[in-house]
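Quick look at final.cif (mmCIF, C-alpha atoms):
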```
data_query
#
loop_
_atom_site.label_atom_id
_atom_site.label_comp_id
_atom_site.auth_asym_id
_atom_site.auth_seq_id
_atom_site.Cartn_x
_atom_site.Cartn_y
_atom_site.Cartn_z
CA MET A 1 105.19 85.12 113.78
CA ASN A 2 106.29 88.10 115.87
CA ASP A 3 106.61 91.64 114.53
CA THR A 4 110.39 91.45 114.23
CA ASP A 5 110.27 88.23 112.24
CA LEU A 6 107.52 89.60 110.00
CA SER A 7 109.43 92.83 109.35
CA ALA A 8 112.51 90.76 108.49
CA LEU A 9 110.43 88.61 106.12
CA ILE A 10 109.06 91.67 104.35
CA ASP A 11 112.52 93.20 104.10
CA ARG A 12 113.80 89.99 102.52
CA TYR A 13 110.86 90.13 100.12
CA CYS A 14 111.69 93.74 99.18
CA ALA A 15 115.31 92.67 98.67
CA VAL A 16 114.18 90.21 96.00
CA TRP A 17 112.85 93.20 94.04
CA ARG A 18 116.35 94.74 94.17
CA GLU A 19 118.15 91.61 92.95
CA PRO A 20 119.10 91.83 89.26
CA ASP A 21 120.22 88.19 88.98
CA SER A 22 117.44 85.77 88.15
CA ALA A 23 119.07 82.73 89.77
CA ALA A 24 119.72 84.70 92.95
CA ARG A 25 116.08 85.84 92.96
CA ALA A 26 114.95 82.23 92.56
CA SER A 27 116.91 81.22 95.66
CA LEU A 28 115.57 84.13 97.68
CA LEU A 29 111.98 83.43 96.59
CA GLU A 30 112.24 79.84 97.81
CA VAL A 31 112.76 81.25 101.29
CA VAL A 32 110.15 84.01 101.38
CA TRP A 33 107.47 83.16 98.82
CA HIS A 34 105.02 80.25 99.01
CA LYS A 35 105.27 77.99 95.96
CA ASP A 36 101.70 78.88 94.98
CA GLY A 37 101.92 82.50 96.16
CA ARG A 38 99.99 85.11 94.19
CA TYR A 39 101.25 88.59 93.44
CA CYS A 40 99.12 91.23 91.78
CA ASP A 41 99.14 94.98 91.33
CA PRO A 42 97.26 97.27 88.92
CA THR A 43 99.57 96.30 86.05
CA ALA A 44 100.45 92.63 86.61
CA GLU A 45 99.61 89.28 88.13
CA ALA A 46 102.00 86.41 88.87
CA VAL A 47 101.20 83.06 90.49
CA GLY A 48 104.06 80.96 91.77
CA ARG A 49 107.76 81.70 92.25
CA ALA A 50 108.83 81.46 88.60
CA ALA A 51 106.15 83.88 87.44
CA LEU A 52 107.02 86.38 90.17
CA ASN A 53 110.71 86.01 89.37
CA ASN A 54 109.97 86.86 85.72
CA LEU A 55 107.82 89.83 86.69
CA ILE A 56 110.58 91.24 88.90
CA GLY A 57 113.05 90.76 86.08
CA GLU A 58 110.79 92.64 83.68
CA THR A 59 110.34 95.41 86.25
CA LEU A 60 114.09 95.78 86.74
CA THR A 61 114.52 95.95 82.99
CA ARG A 62 112.05 98.82 82.99
CA PHE A 63 113.64 100.50 86.05
CA PRO A 64 117.34 99.52 85.91
CA GLY A 65 118.92 99.76 89.35
CA GLY A 66 115.52 100.36 90.95
CA GLN A 67 115.69 99.90 94.71
CA VAL A 68 112.44 98.79 96.34
CA MET A 69 112.51 99.88 99.99
CA ARG A 70 109.95 99.37 102.73
CA LEU A 71 108.86 102.75 104.17
CA SER A 72 106.32 102.01 106.91
CA ALA A 73 106.18 99.57 109.76
CA VAL A 74 104.53 96.26 108.92
CA ASP A 75 101.05 96.25 110.41
CA VAL A 76 99.66 92.77 111.05
CA HIS A 77 96.58 90.99 112.41
CA HIS A 78 95.36 87.44 111.87
CA ASP A 79 97.20 86.19 108.75
CA CYS A 80 97.06 89.63 107.10
CA PHE A 81 99.55 92.48 106.89
CA ARG A 82 100.15 95.81 105.18
CA PHE A 83 103.14 98.05 104.63
CA THR A 84 104.18 100.89 102.35
CA TRP A 85 107.15 100.98 100.03
CA THR A 86 108.77 102.96 97.26
CA MET A 87 111.25 102.27 94.49
CA GLN A 88 114.24 104.59 94.51
CA LEU A 89 115.24 105.36 90.92
CA GLY A 90 118.48 107.23 91.45
CA GLU A 91 119.21 110.97 91.14
CA GLY A 92 116.89 111.52 94.11
CA LYS A 93 113.86 110.27 92.19
CA GLN A 94 111.48 107.61 93.43
CA LEU A 95 108.09 106.12 92.62
CA PRO A 96 105.15 107.36 94.71
CA GLU A 97 104.81 105.75 98.13
CA SER A 98 102.52 102.76 97.63
CA ILE A 99 100.84 100.16 99.80
CA ASP A 100 100.98 96.39 99.71
CA PHE A 101 98.42 94.25 101.43
CA GLY A 102 99.48 90.67 102.11
CA ARG A 103 98.71 87.33 103.61
CA LEU A 104 100.94 84.74 105.27
CA ALA A 105 100.88 81.06 104.41
CA GLU A 106 100.79 78.51 107.21
CA ASP A 107 104.45 77.71 106.59
CA GLY A 108 105.39 81.32 107.38
CA ARG A 109 106.12 82.28 103.79
CA ILE A 110 104.17 84.95 101.92
CA ALA A 111 101.03 83.52 100.33
CA GLU A 112 99.83 86.70 98.67
CA ILE A 113 100.71 90.32 98.00
CA VAL A 114 98.14 92.69 96.53
CA GLY A 115 99.69 96.02 95.69
CA PHE A 116 98.03 99.37 95.09
CA PHE A 117 99.95 102.32 93.66
CA GLY A 118 99.97 105.50 95.71
CA LEU A 119 98.49 106.03 99.11
CA ILE A 120 94.75 106.24 99.06
CA GLY A 121 93.39 109.23 97.14
CA GLY A 122 90.42 111.42 97.95
CA GLU A 123 87.31 111.44 95.84
CA MET B 1 82.05 95.35 87.57
CA ASN B 2 82.58 99.00 86.63
CA ASP B 3 83.76 101.66 89.07
CA THR B 4 80.28 103.09 89.59
CA ASP B 5 78.80 99.71 90.43
CA LEU B 6 81.69 98.89 92.76
CA SER B 7 81.38 102.23 94.56
CA ALA B 8 77.65 101.60 94.95
CA LEU B 9 78.36 98.12 96.32
CA ILE B 10 80.81 99.49 98.88
CA ASP B 11 78.38 102.23 99.87
CA ARG B 12 75.68 99.61 100.42
CA TYR B 13 78.18 97.63 102.50
CA CYS B 14 78.96 100.72 104.61
CA ALA B 15 75.22 101.28 105.04
CA VAL B 16 74.92 97.86 106.67
CA TRP B 17 77.28 99.13 109.38
CA ARG B 18 74.85 102.02 110.03
CA GLU B 19 71.75 99.81 110.32
CA PRO B 20 70.72 99.22 113.93
CA ASP B 21 68.09 96.59 113.13
CA SER B 22 69.42 93.05 112.91
CA ALA B 23 66.74 91.78 110.52
CA ALA B 24 67.29 94.73 108.21
CA ARG B 25 71.04 94.08 108.28
CA ALA B 26 70.43 90.43 107.40
CA SER B 27 68.47 91.44 104.31
CA LEU B 28 71.13 93.93 103.24
CA LEU B 29 73.92 91.40 103.75
CA GLU B 30 72.19 88.91 101.46
CA VAL B 31 72.62 91.46 98.68
CA VAL B 32 76.19 92.63 99.28
CA TRP B 33 78.01 89.89 101.21
CA HIS B 34 78.92 86.44 99.89
CA LYS B 35 77.44 83.69 102.06
CA ASP B 36 80.95 82.53 103.01
CA GLY B 37 82.46 86.03 103.08
CA ARG B 38 85.19 86.71 105.63
CA TYR B 39 85.55 89.94 107.55
CA CYS B 40 88.47 90.66 109.83
CA ASP B 41 90.09 93.64 111.46
CA PRO B 42 92.60 93.92 114.32
CA THR B 43 89.89 93.22 116.90
CA ALA B 44 87.52 90.74 115.26
CA GLU B 45 86.89 88.06 112.67
CA ALA B 46 83.55 86.97 111.21
CA VAL B 47 82.91 84.34 108.55
CA GLY B 48 79.51 84.27 106.89
CA ARG B 49 76.58 86.68 106.97
CA ALA B 50 75.23 85.78 110.42
CA ALA B 51 78.61 86.23 112.08
CA LEU B 52 79.15 89.60 110.39
CA ASN B 53 75.63 90.67 111.31
CA ASN B 54 76.38 89.86 114.96
CA LEU B 55 79.69 91.70 114.84
CA ILE B 56 78.04 94.82 113.43
CA GLY B 57 75.38 94.60 116.14
CA GLU B 58 78.06 94.41 118.83
CA THR B 59 79.89 97.34 117.25
CA LEU B 60 76.75 99.50 117.20
CA THR B 61 76.14 98.62 120.84
CA ARG B 62 79.62 99.93 121.57
CA PHE B 63 79.20 103.01 119.35
CA PRO B 64 75.46 103.80 119.45
CA GLY B 65 74.43 105.80 116.41
CA GLY B 66 77.85 105.31 114.83
CA GLN B 67 77.79 106.21 111.14
CA VAL B 68 80.32 104.36 109.00
CA MET B 69 81.02 106.46 105.91
CA ARG B 70 83.31 105.81 102.95
CA LEU B 71 85.90 108.60 102.60
CA SER B 72 88.05 107.74 99.58
CA ALA B 73 87.31 106.56 96.10
CA VAL B 74 87.24 102.79 95.69
CA ASP B 75 90.47 101.71 94.02
CA VAL B 76 90.20 98.38 92.19
CA HIS B 77 92.26 95.97 90.11
CA HIS B 78 91.74 92.28 89.35
CA ASP B 79 89.31 91.05 92.04
CA CYS B 80 90.82 93.33 94.69
CA PHE B 81 89.86 96.76 96.00
CA ARG B 82 90.67 99.26 98.73
CA PHE B 83 88.94 102.28 100.21
CA THR B 84 89.11 104.38 103.36
CA TRP B 85 86.32 105.02 105.82
CA THR B 86 85.53 106.51 109.19
CA MET B 87 82.80 106.13 111.77
CA GLN B 88 81.15 109.41 112.72
CA LEU B 89 80.32 109.34 116.44
CA GLY B 90 78.30 112.54 116.79
CA GLU B 91 79.29 115.87 118.35
CA GLY B 92 81.85 116.26 115.56
CA LYS B 93 83.84 113.24 116.72
CA GLN B 94 84.89 110.38 114.51
CA LEU B 95 87.19 107.36 114.54
CA PRO B 96 90.53 107.76 112.74
CA GLU B 97 90.38 107.35 108.95
CA SER B 98 91.07 103.67 108.29
CA ILE B 99 91.58 101.45 105.27
CA ASP B 100 89.78 98.34 104.13
CA PHE B 101 91.19 95.92 101.59
CA GLY B 102 88.71 93.66 99.91
CA ARG B 103 88.04 91.02 97.36
CA LEU B 104 85.02 90.38 95.14
CA ALA B 105 83.37 87.01 94.74
CA GLU B 106 82.55 85.74 91.27
CA ASP B 107 78.89 86.50 91.91
CA GLY B 108 79.70 90.19 92.39
CA ARG B 109 79.20 90.15 96.15
CA ILE B 110 81.98 90.92 98.61
CA ALA B 111 84.04 87.80 99.40
CA GLU B 112 86.39 89.41 101.90
CA ILE B 113 87.16 92.60 103.76
CA VAL B 114 90.39 92.97 105.73
CA GLY B 115 90.42 96.16 107.74
CA PHE B 116 93.36 98.02 109.25
CA PHE B 117 92.84 100.89 111.69
CA GLY B 118 94.39 104.21 110.78
CA LEU B 119 96.23 105.08 107.63
CA ILE B 120 99.66 103.57 107.47
CA GLY B 121 102.04 104.89 110.10
CA GLY B 122 105.71 105.65 109.74
CA GLU B 123 108.43 103.68 111.47
#
```

How does this structure look as structure tokens?
Amino acid sequence: MNDTDLSALIDRYCAVWREPDSAARASLLEVVWHKDGRYCDPTAEAVGRAALNNLIGETLTRFPGGQVMRLSAVDVHHDCFRFTWTMQLGEGKQLPESIDFGRLAEDGRIAEIVGFFGLIGGE
Amino acid sequence: MNDTDLSALIDRYCAVWREPDSAARASLLEVVWHKDGRYCDPTAEAVGRAALNNLIGETLTRFPGGQVMRLSAVDVHHDCFRFTWTMQLGEGKQLPESIDFGRLAEDGRIAEIVGFFGLIGGE
């Protein structure tokens, strides 16, 4: 997969997080998310499209109108990638810039996203 | 695994990258690295302890006396972690701060490290 295609895939993935309609999310996830794909972040874990769909729904209930946007380029090597993102909350507010690490499935869909909140902190 | 133990594990892992003796590295890797552990970064991939040992040896040939040091705290959730590191090259020089994502094996050793060079760039 070339960089342009990967960036487009990640942007489609971020768009799923902006979609308030569950059926529409389900259709989008069929395109971008492997059927056994695993999502996890410090607060949640979801395996498979239905579980991720539910998690996104819960998140949009918590942050109504939240707009997940990719911020960085998508950096890739082997089957692995990373990018940063935020969620715009309206009124100029947004969640801290955070980083997702991911892995591609052989079929070109996303096999895994592991998210960490915030950019790396010092010690 | 608690944060202190995980930080100690990662520090032992970084110490392997500072060890110029192959036999000493092999002993250290038995402690910290799962026998089937996978390492990859933009320039290399190594599966298993012997392959990682060889890769570290090649790296230390390229950067004699290079001192890999952890820079950030180790951030962890589920079986996943991240931290940043650099390699000190002497004379005040060092490689750019870079980020490793990793995964723990059930036996508490490291199952995977996926490295990316540099902190995330803008687009």

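If only C-alpha atoms are the atoms counted, then among B:Cys80, B:Met1, B:Val68, B:Cys14 the closest residue to chain A is B:Cys80.
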
Please report as a PDB file with C-alpha atoms, in the frame of the given file which residues of chain B come no farther than 12 Å from chain A, using all atoms listed in the file.
```pdb
ATOM      1  CA  SER B   7      81.380 102.230  94.560  1.00  0.00           C
ATOM      2  CA  ARG B  38      85.190  86.710 105.630  1.00  0.00           C
ATOM      3  CA  TYR B  39      85.550  89.940 107.550  1.00  0.00           C
ATOM      4  CA  CYS B  40      88.470  90.660 109.830  1.00  0.00           C
ATOM      5  CA  ASP B  41      90.090  93.640 111.460  1.00  0.00           C
ATOM      6  CA  PRO B  42      92.600  93.920 114.320  1.00  0.00           C
ATOM      7  CA  THR B  43      89.890  93.220 116.900  1.00  0.00           C
ATOM      8  CA  ALA B  44      87.520  90.740 115.260  1.00  0.00           C
ATOM      9  CA  GLU B  45      86.890  88.060 112.670  1.00  0.00           C
ATOM     10  CA  ALA B  46      83.550  86.970 111.210  1.00  0.00           C
ATOM     11  CA  ARG B  70      83.310 105.810 102.950  1.00  0.00           C
ATOM     12  CA  LEU B  71      85.900 108.600 102.600  1.00  0.00           C
ATOM     13  CA  SER B  72      88.050 107.740  99.580  1.00  0.00           C
ATOM     14  CA  ALA B  73      87.310 106.560  96.100  1.00  0.00           C
ATOM     15  CA  VAL B  74      87.240 102.790  95.690  1.00  0.00           C
ATOM     16  CA  ASP B  75      90.470 101.710  94.020  1.00  0.00           C
ATOM     17  CA  VAL B  76      90.200  98.380  92.190  1.00  0.00           C
ATOM     18  CA  HIS B  77      92.260  95.970  90.110  1.00  0.00           C
ATOM     19  CA  HIS B  78      91.740  92.280  89.350  1.00  0.00           C
ATOM     20  CA  ASP B  79      89.310  91.050  92.040  1.00  0.00           C
ATOM     21  CA  CYS B  80      90.820  93.330  94.690  1.00  0.00           C
ATOM     22  CA  PHE B  81      89.860  96.760  96.000  1.00  0.00           C
ATOM     23  CA  ARG B  82      90.670  99.260  98.730  1.00  0.00           C
ATOM     24  CA  PHE B  83      88.940 102.280 100.210  1.00  0.00           C
ATOM     25  CA  THR B  84      89.110 104.380 103.360  1.00  0.00           C
ATOM     26  CA  TRP B  85      86.320 105.020 105.820  1.00  0.00           C
ATOM     27  CA  GLU B  97      90.380 107.350 108.950  1.00  0.00           C
ATOM     28  CA  SER B  98      91.070 103.670 108.290  1.00  0.00           C
ATOM     29  CA  ILE B  99      91.580 101.450 105.270  1.00  0.00           C
ATOM     30  CA  ASP B 100      89.780  98.340 104.130  1.00  0.00           C
ATOM     31  CA  PHE B 101      91.190  95.920 101.590  1.00  0.00           C
ATOM     32  CA  GLY B 102      88.710  93.660  99.910  1.00  0.00           C
ATOM     33  CA  ARG B 103      88.040  91.020  97.360  1.00  0.00           C
ATOM     34  CA  GLU B 112      86.390  89.410 101.900  1.00  0.00           C
ATOM     35  CA  ILE B 113      87.160  92.600 103.760  1.00  0.00           C
ATOM     36  CA  VAL B 114      90.390  92.970 105.730  1.00  0.00           C
ATOM     37  CA  GLY B 115      90.420  96.160 107.740  1.00  0.00           C
ATOM     38  CA  PHE B 116      93.360  98.020 109.250  1.00  0.00           C
ATOM     39  CA  PHE B 117      92.840 100.890 111.690  1.00  0.00           C
ATOM     40  CA  GLY B 118      94.390 104.210 110.780  1.00  0.00           C
ATOM     41  CA  LEU B 119      96.230 105.080 107.630  1.00  0.00           C
ATOM     42  CA  ILE B 120      99.660 103.570 107.470  1.00  0.00           C
ATOM     43  CA  GLY B 121     102.040 104.890 110.100  1.00  0.00           C
ATOM     44  CA  GLY B 122     105.710 105.650 109.740  1.00  0.00           C
ATOM     45  CA  GLU B 123     108.430 103.680 111.470  1.00  0.00           C
TER      46      GLU B 123
END
```

### Task
Kindly give the distance, in Å, that separates CA of Asp107 in chain B and CA of Asp3 in chain B, rounded to a single decimal.
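For CA of Asp107 in chain B relative to CA of Asp3 in chain B, the distance reads 16.2 Å.
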
Chain and number of each residue from the PyMOL selection byres ((chain B and resi 109-111) around 6), as a PDB file with C-alpha atoms, in the frame of the given file:
```pdb
ATOM      1  CA  VAL B  32      76.190  92.630  99.280  1.00  0.00           C
ATOM      2  CA  TRP B  33      78.010  89.890 101.210  1.00  0.00           C
ATOM      3  CA  HIS B  34      78.920  86.440  99.890  1.00  0.00           C
ATOM      4  CA  GLY B  37      82.460  86.030 103.080  1.00  0.00           C
ATOM      5  CA  ARG B 103      88.040  91.020  97.360  1.00  0.00           C
ATOM      6  CA  LEU B 104      85.020  90.380  95.140  1.00  0.00           C
ATOM      7  CA  ALA B 105      83.370  87.010  94.740  1.00  0.00           C
ATOM      8  CA  ASP B 107      78.890  86.500  91.910  1.00  0.00           C
ATOM      9  CA  GLY B 108      79.700  90.190  92.390  1.00  0.00           C
ATOM     10  CA  GLU B 112      86.390  89.410 101.900  1.00  0.00           C
TER      11      GLU B 112
END
```

### Two-atom distance - CA of Gln67 in chain A, CA of Thr86 in chain A (Å)
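Here the two named atoms are 8.0 Å from each other.
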
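Proximity ranking of B:Val47, B:Pro20, B:Val31, B:Pro96 relative to Arg62 in chain B places B:Pro20 first, based on all atoms listed in the file.
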
Evaluate the PyMOL selection byres ((chain A and resi 64) around 12) here and jot the selected residues down as a PDB file with C-alpha atoms, in the coordinates of the input.
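Writing the result to out25.pdb gives the following:
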```
ATOM      1  CA  TRP A  17     112.850  93.200  94.040  1.00  0.00           C
ATOM      2  CA  ARG A  18     116.350  94.740  94.170  1.00  0.00           C
ATOM      3  CA  GLU A  19     118.150  91.610  92.950  1.00  0.00           C
ATOM      4  CA  PRO A  20     119.100  91.830  89.260  1.00  0.00           C
ATOM      5  CA  ILE A  56     110.580  91.240  88.900  1.00  0.00           C
ATOM      6  CA  GLY A  57     113.050  90.760  86.080  1.00  0.00           C
ATOM      7  CA  GLU A  58     110.790  92.640  83.680  1.00  0.00           C
ATOM      8  CA  THR A  59     110.340  95.410  86.250  1.00  0.00           C
ATOM      9  CA  LEU A  60     114.090  95.780  86.740  1.00  0.00           C
ATOM     10  CA  THR A  61     114.520  95.950  82.990  1.00  0.00           C
ATOM     11  CA  ARG A  62     112.050  98.820  82.990  1.00  0.00           C
ATOM     12  CA  PHE A  63     113.640 100.500  86.050  1.00  0.00           C
ATOM     13  CA  GLY A  65     118.920  99.760  89.350  1.00  0.00           C
ATOM     14  CA  GLY A  66     115.520 100.360  90.950  1.00  0.00           C
ATOM     15  CA  GLN A  67     115.690  99.900  94.710  1.00  0.00           C
ATOM     16  CA  VAL A  68     112.440  98.790  96.340  1.00  0.00           C
ATOM     17  CA  MET A  87     111.250 102.270  94.490  1.00  0.00           C
ATOM     18  CA  GLN A  88     114.240 104.590  94.510  1.00  0.00           C
ATOM     19  CA  LEU A  89     115.240 105.360  90.920  1.00  0.00           C
ATOM     20  CA  GLY A  90     118.480 107.230  91.450  1.00  0.00           C
TER      21      GLY A  90
END
```

### Query
Could you state the separation of CA of Gly48 in chain A and CA of Lys35 in chain A in Å, given to one decimal place?
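CA of Gly48 in chain A sits 5.3 Å away from CA of Lys35 in chain A.
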